[in-house]
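Data block below; observations after.
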Amino acid sequence: MMPSSSFHPPGCAHISRRDFVRGAALAGAGVVLSRVVYDAWEPALAAAAETALPAVTTFLKQDQVAELLKIARGKGAKFAEVYGEYTINTAFVVDENELKRVQYGILSGVGVRVLDGGVCGYAYADEFGMPALREAAKVAAAIAAKDAAGPPKSFAVSKAVAPFKLSRPAPLFSTETEKIELALRANQAARAKDPRVKQVQVTLADTAKAILIANSEGLWVEDRQFISRIAAQATAIDGTNRQTGAAISGGAVEDDYFDRAETPEKTGTRAAEAAVTLLSAVEAKAGSYPVVIGPGWGGVLVHECFGHSLEGDGIRKKTSIREHQFGQKVCSDIVDIYDDSTVPNSRGSFKVDDEGTPSQKSHVVEKGILKGYLWDRLNGELTGNQSTANGRRTSYRDFPIPRMTNTYIAAGQSSPEDLLGSVKNGVYCKNMGGGSVNPADGNFSFAVTEAYMIENGRITSPVKDVTLTGNAADSMLKVEGLGNDLHIDQCTGTCGKDGQFKPVGVGQPTVLFSEMTVGGTRG
Ligand SMILES: [Zn+2]
């Protein structure tokens with residue numbers, strides 16, 4: 001997904017206290033502690049996970065957080081917040097039939113945010129040392145220039161409940177050897193699928209993140225977030241014909257997911273099959289067609305064409321076309337759209353957002369009518385709205401902005417076969433690539449990675465180099481049919497906005513659009 005907007009909270013600026021991560025000092029400090037976070041966990045598992053991923057409170061105590069909040073409000077700002085993070089990223093890359101690269105990184109530090117009306121001060125330090133953090137808090141405080149703020153509230157631990165719990169999260173409970181083995185298995189399966197598959201690249205990447213959010217209103221909440229995935233890319237070659245296919249699996253999953261739910265063999269095979277299918281694909285004839293988009297990742301279209309225009313910064317600044325459309329018909333009558341951070345096992349889900357607001361399911365479009373926007377704290381407050389748990393940030397180095405979580409079109413009534421059967425001459429998009437929307441005029445363009453012609457209600461020949469273009473303003477008004485086969489893609493999406501990247505889920509059932517412009521090389 002491409003960045004599709006470029007808004008900043010007013011007056012907000014990054015100020016780095018240090019140029020470089022000093023994670024090394026923390027890497028050895030991983031053994032802890034007597035906190036009771038995993039009430040529903042088996043104690044032994046909780047202890048093991050605690051050791052592998054230390055909580056932020058290992059490094060930053062409650063009295064220290066209270067001191068930082070006091071400094072941050074030292075110039076009289078209304079609101080201050082401390083966001084601490086300890087993240088472990090690992091990646092294993094198999095290329096040219098062998099393990100080529102291993103990456104391991106720790107990202108840890110603290111961001112201090114101060115809000116005073118519409119003005120935001122943000123400073124961070126790439127460490128947990130109090131001298132640097134006090135300095136960061138002072139810098140953030142400088143946006144306000146009054147007397148000291150009133151007395152702070154005492155902390156109350158958030159009662160937010162995680163939408164699902166992992167007892168053995170894959171990033172922590174699979175060993176390095178097991179992760180490498182999974183990547184090698186996907187590679188072997190892709191190569192074994194067809195002799196024309198000549199190149200395969202597989203990446204197993206995962207993230208284990210511990211966060212702490214505390215603010216001057218007394219909020220105190222911790223969360224642990226885990227995502228893991230296998231991405232396979234296969235290239236099939238036949239003479240001068242060269243085609244690439246891709247497949248991804250994973251999500252916020254347990255350590256046995258890749259053996260139980262989707263094996264690496266399946267992922268590797270899917271990538272190879274897509275590449276091989278494209279070898280026999282013909283070029284699409286450009287024109288306007290009925291288009292059917294398959295379930296799951298096809299929801300990237302609603303994310304780009306619709307979701308971004310609901311984000312609270314664009315609404316508050318009135319730069320979004322949806323700003324004046326609340327309560328109006330914006331989609332065809334059969335369309336319901338949700339942004340839902342509680343979807344089980346999705347990379348877009350969490351217990352609390354990056355401002356500590358408990359996850360929720362927001363019904364943003366009901367029977368075609370626009371019913372809601374996506375708010376963070378700042379933009380919500382400035383417009384008299386509650387946060388909808390859409391305040392998200394890439395890391396402690398970034399201030400939160402309104403972002404989607406898992407965005408999807410709800411299931412409809414039709415069978416996918418009936419939808420396809422109703423199309424005389426059209427295009428079936430089984431798998432989508434990336435896409436982007438120009439925020440200025442709403443024009444969008446999407447690459448389709450796997451597409452077929454629909455002739456007399458049946459899927460026929462594969463077509464290649466297909467792009468879908470249109471305008472975000474009316475695309476969802478052209479939804480003519482919805483399948484009963486909703487699928488939420490929990491492993492693929494990474495959304496970029498203002499230089500910040502966040503994992504997201506997207507989803508939809510099979511969707512029939514009455515008409516869309518299909519670009520191809522054949523005129
Ligand atoms: Zn996006």
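By order of appearance in the structure tokens: chains A, B, ..., then residues from 1 within every chain, and ligands from 1 in the order shown.
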Original post:
Hey, which residues come within 10 Å of ligand 1 if we count only C-alpha atoms and all ligand atoms? Could you give them as a PyMOL selection string?
Top reply: chain A and resi 1-5+300-308+403-405+434-437+493-497+501-504+506
Stretch 257-264 of chain A: which residues within 12 Å, counting only C-alpha atoms, same-chain residues fewer than 6 positions away excluded, as a PDB file with C-alpha atoms, in the first residue's frame?
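So the final result, stored in around14.pdb, reads:
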ATOM      1  CA  LEU A 166      -1.659 -16.323  22.250  1.00  0.00           C
ATOM      2  CA  ARG A 168       2.770 -19.663  22.554  1.00  0.00           C
ATOM      3  CA  PRO A 169       3.304 -16.724  20.174  1.00  0.00           C
ATOM      4  CA  ALA A 170       5.269 -17.832  17.124  1.00  0.00           C
ATOM      5  CA  PRO A 171       8.009 -15.170  17.308  1.00  0.00           C
ATOM      6  CA  PHE A 173       8.287 -20.003  20.865  1.00  0.00           C
ATOM      7  CA  SER A 174       9.695 -21.131  17.521  1.00  0.00           C
ATOM      8  CA  GLU A 178      12.612 -24.080  13.259  1.00  0.00           C
ATOM      9  CA  LYS A 179      12.090 -20.718  11.549  1.00  0.00           C
ATOM     10  CA  ILE A 180      14.860 -21.387   9.031  1.00  0.00           C
ATOM     11  CA  GLU A 181      13.408 -24.830   8.400  1.00  0.00           C
ATOM     12  CA  LEU A 182       9.981 -23.322   7.633  1.00  0.00           C
ATOM     13  CA  ALA A 183      11.504 -20.927   5.093  1.00  0.00           C
ATOM     14  CA  LEU A 184      13.484 -23.744   3.453  1.00  0.00           C
ATOM     15  CA  ARG A 185      10.356 -25.914   3.220  1.00  0.00           C
ATOM     16  CA  ALA A 186       8.434 -23.151   1.415  1.00  0.00           C
ATOM     17  CA  ASN A 187      11.359 -22.737  -0.956  1.00  0.00           C
ATOM     18  CA  GLN A 188      11.512 -26.461  -1.724  1.00  0.00           C
ATOM     19  CA  ALA A 189       7.772 -26.722  -2.325  1.00  0.00           C
ATOM     20  CA  ALA A 190       7.797 -23.788  -4.747  1.00  0.00           C
ATOM     21  CA  VAL A 202      11.243 -16.822   0.891  1.00  0.00           C
ATOM     22  CA  THR A 203      11.329 -14.534   3.908  1.00  0.00           C
ATOM     23  CA  LEU A 204      10.214 -15.515   7.372  1.00  0.00           C
ATOM     24  CA  ILE A 227       3.233 -10.975  14.331  1.00  0.00           C
ATOM     25  CA  SER A 228       4.867 -13.547  12.157  1.00  0.00           C
ATOM     26  CA  ARG A 229       4.773 -14.363   8.488  1.00  0.00           C
ATOM     27  CA  ILE A 230       6.190 -16.322   5.597  1.00  0.00           C
ATOM     28  CA  ALA A 231       6.335 -14.523   2.247  1.00  0.00           C
ATOM     29  CA  ALA A 232       7.226 -16.526  -0.849  1.00  0.00           C
ATOM     30  CA  ALA A 247       1.965 -15.773  -1.513  1.00  0.00           C
ATOM     31  CA  ILE A 248       1.983 -14.858   2.168  1.00  0.00           C
ATOM     32  CA  SER A 249       0.813 -16.623   5.320  1.00  0.00           C
ATOM     33  CA  GLY A 250       0.893 -15.897   9.039  1.00  0.00           C
ATOM     34  CA  GLY A 251      -0.546 -13.204  11.287  1.00  0.00           C
ATOM     35  CA  ARG A 270       0.649 -21.001  -4.113  1.00  0.00           C
ATOM     36  CA  ALA A 271       3.433 -18.637  -5.181  1.00  0.00           C
ATOM     37  CA  ASN A 345      -5.085 -13.509  14.889  1.00  0.00           C
ATOM     38  CA  CYS A 491      -0.978 -11.565   7.211  1.00  0.00           C
TER      39      CYS A 491
END
Original post:
What is the atom CA of A:Ile213-atom CA of A:Val82 distance in Å, reported with one decimal?
Top reply: 5.8 Å
Subject >> Best match for closeness to A:Gly129 among A:Leu60, A:Ala156, A:Ala142, A:Leu172, counting only C-alpha atoms >> reply: A:Leu60
Original post:
Which parts of stretch 309-420 of chain A does DSSP call helix (DSSP H, G or I) when run on the backbone here, written out as a ChimeraX atom specification?
Top reply: /A:309-310,312-316,377-383,416-420
Subject >> Straight-line distance linking atom CA of A:Ser332 with atom CA of A:Glu366, stated in Å to one decimal >> reply: 10.1 Å
**OP:** Would you please extract all strand (DSSP E or B) residues from stretch 379-513 of chain A, as assigned by DSSP on the backbone, and give them as a PyMOL selection string?
**Re:** chain A and resi 391-392+401-402+406-409+414+425-437+443-455+458-464+466-471+479-483+487-497+500-508+511-513
Give me, as a JSON list (two decimals) with N, CA and C atoms, in the first residue's frame, all polymer residues having an atom no more than 6 Å from A:Phe513, counting only C-alpha atoms and skipping those fewer than 5 positions away in the same chain.
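Listing of selection-v1.json after writing:
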[["chain", "number", "residue", "atom", "x", "y", "z"],
["A", 290, "PRO", "N", -17.56, -5.32, -16.17],
["A", 290, "PRO", "CA", -17.91, -5.78, -14.82],
["A", 290, "PRO", "C", -16.68, -6.50, -14.25],
["A", 291, "VAL", "N", -16.39, -6.23, -12.99],
["A", 291, "VAL", "CA", -15.20, -6.83, -12.37],
["A", 291, "VAL", "C", -15.61, -7.55, -11.10],
["A", 478, "LYS", "N", -20.56, 1.37, -6.91],
["A", 478, "LYS", "CA", -20.71, 0.44, -8.03],
["A", 478, "LYS", "C", -20.71, -1.03, -7.59],
["A", 479, "VAL", "N", -20.74, -1.25, -6.27],
["A", 479, "VAL", "CA", -20.81, -2.63, -5.80],
["A", 479, "VAL", "C", -22.20, -3.17, -6.08],
["A", 480, "GLU", "N", -22.25, -4.23, -6.88],
["A", 480, "GLU", "CA", -23.56, -4.75, -7.31],
["A", 480, "GLU", "C", -23.92, -6.05, -6.60]]
Subject >> Residue contacts of A:Gly76 (12 Å, only C-alpha atoms) excluding same-chain residues fewer than 4 positions away, as a ChimeraX atom specification >> reply: /A:69-72,80,114-117,138,140-152,216
Original post:
Can you tell me, as a PyMOL selection string, what residues are no more than 8 Å from stretch 311-316 of chain A when counting only C-alpha atoms, ignoring any on the same chain fewer than 3 positions away?
Top reply: chain A and resi 7-9+307-308+319-320+322-323+373-376+379-380+382-383+401-404
**OP:** Please provide the set of residues having any atom within 8 Å of A:Ser422, restricted to only C-alpha atoms, with same-chain residues fewer than 2 positions apart removed, written as a PyMOL selection string.
**Re:** chain A and resi 418-420+424+456-457
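The residue that comes closest to A:Gly505, out of A:Asp474, A:Asp339, A:Asp485, A:Asp441 and on the basis of only C-alpha atoms, is A:Asp339.
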Original post:
Counting only C-alpha atoms, which of A:Ile337, A:Ile454, A:Ala440, A:Ala410 gets nearest to A:Pro509?
Top reply: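 Among the listed residues, A:Ala410 lies closest to A:Pro509.
Shortest atom-to-atom contact with A:Asp333 among A:Asp194, A:Leu107, A:Pro295, A:Met476: A:Met476, counting only C-alpha atoms.
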Original post:
Near A:Lys159, within 10 Å and counting only C-alpha atoms, which residues show up once chain neighbours fewer than 6 positions away are dropped, as an MDAnalysis selection string?
Top reply: chainID A and resid 219:221 358
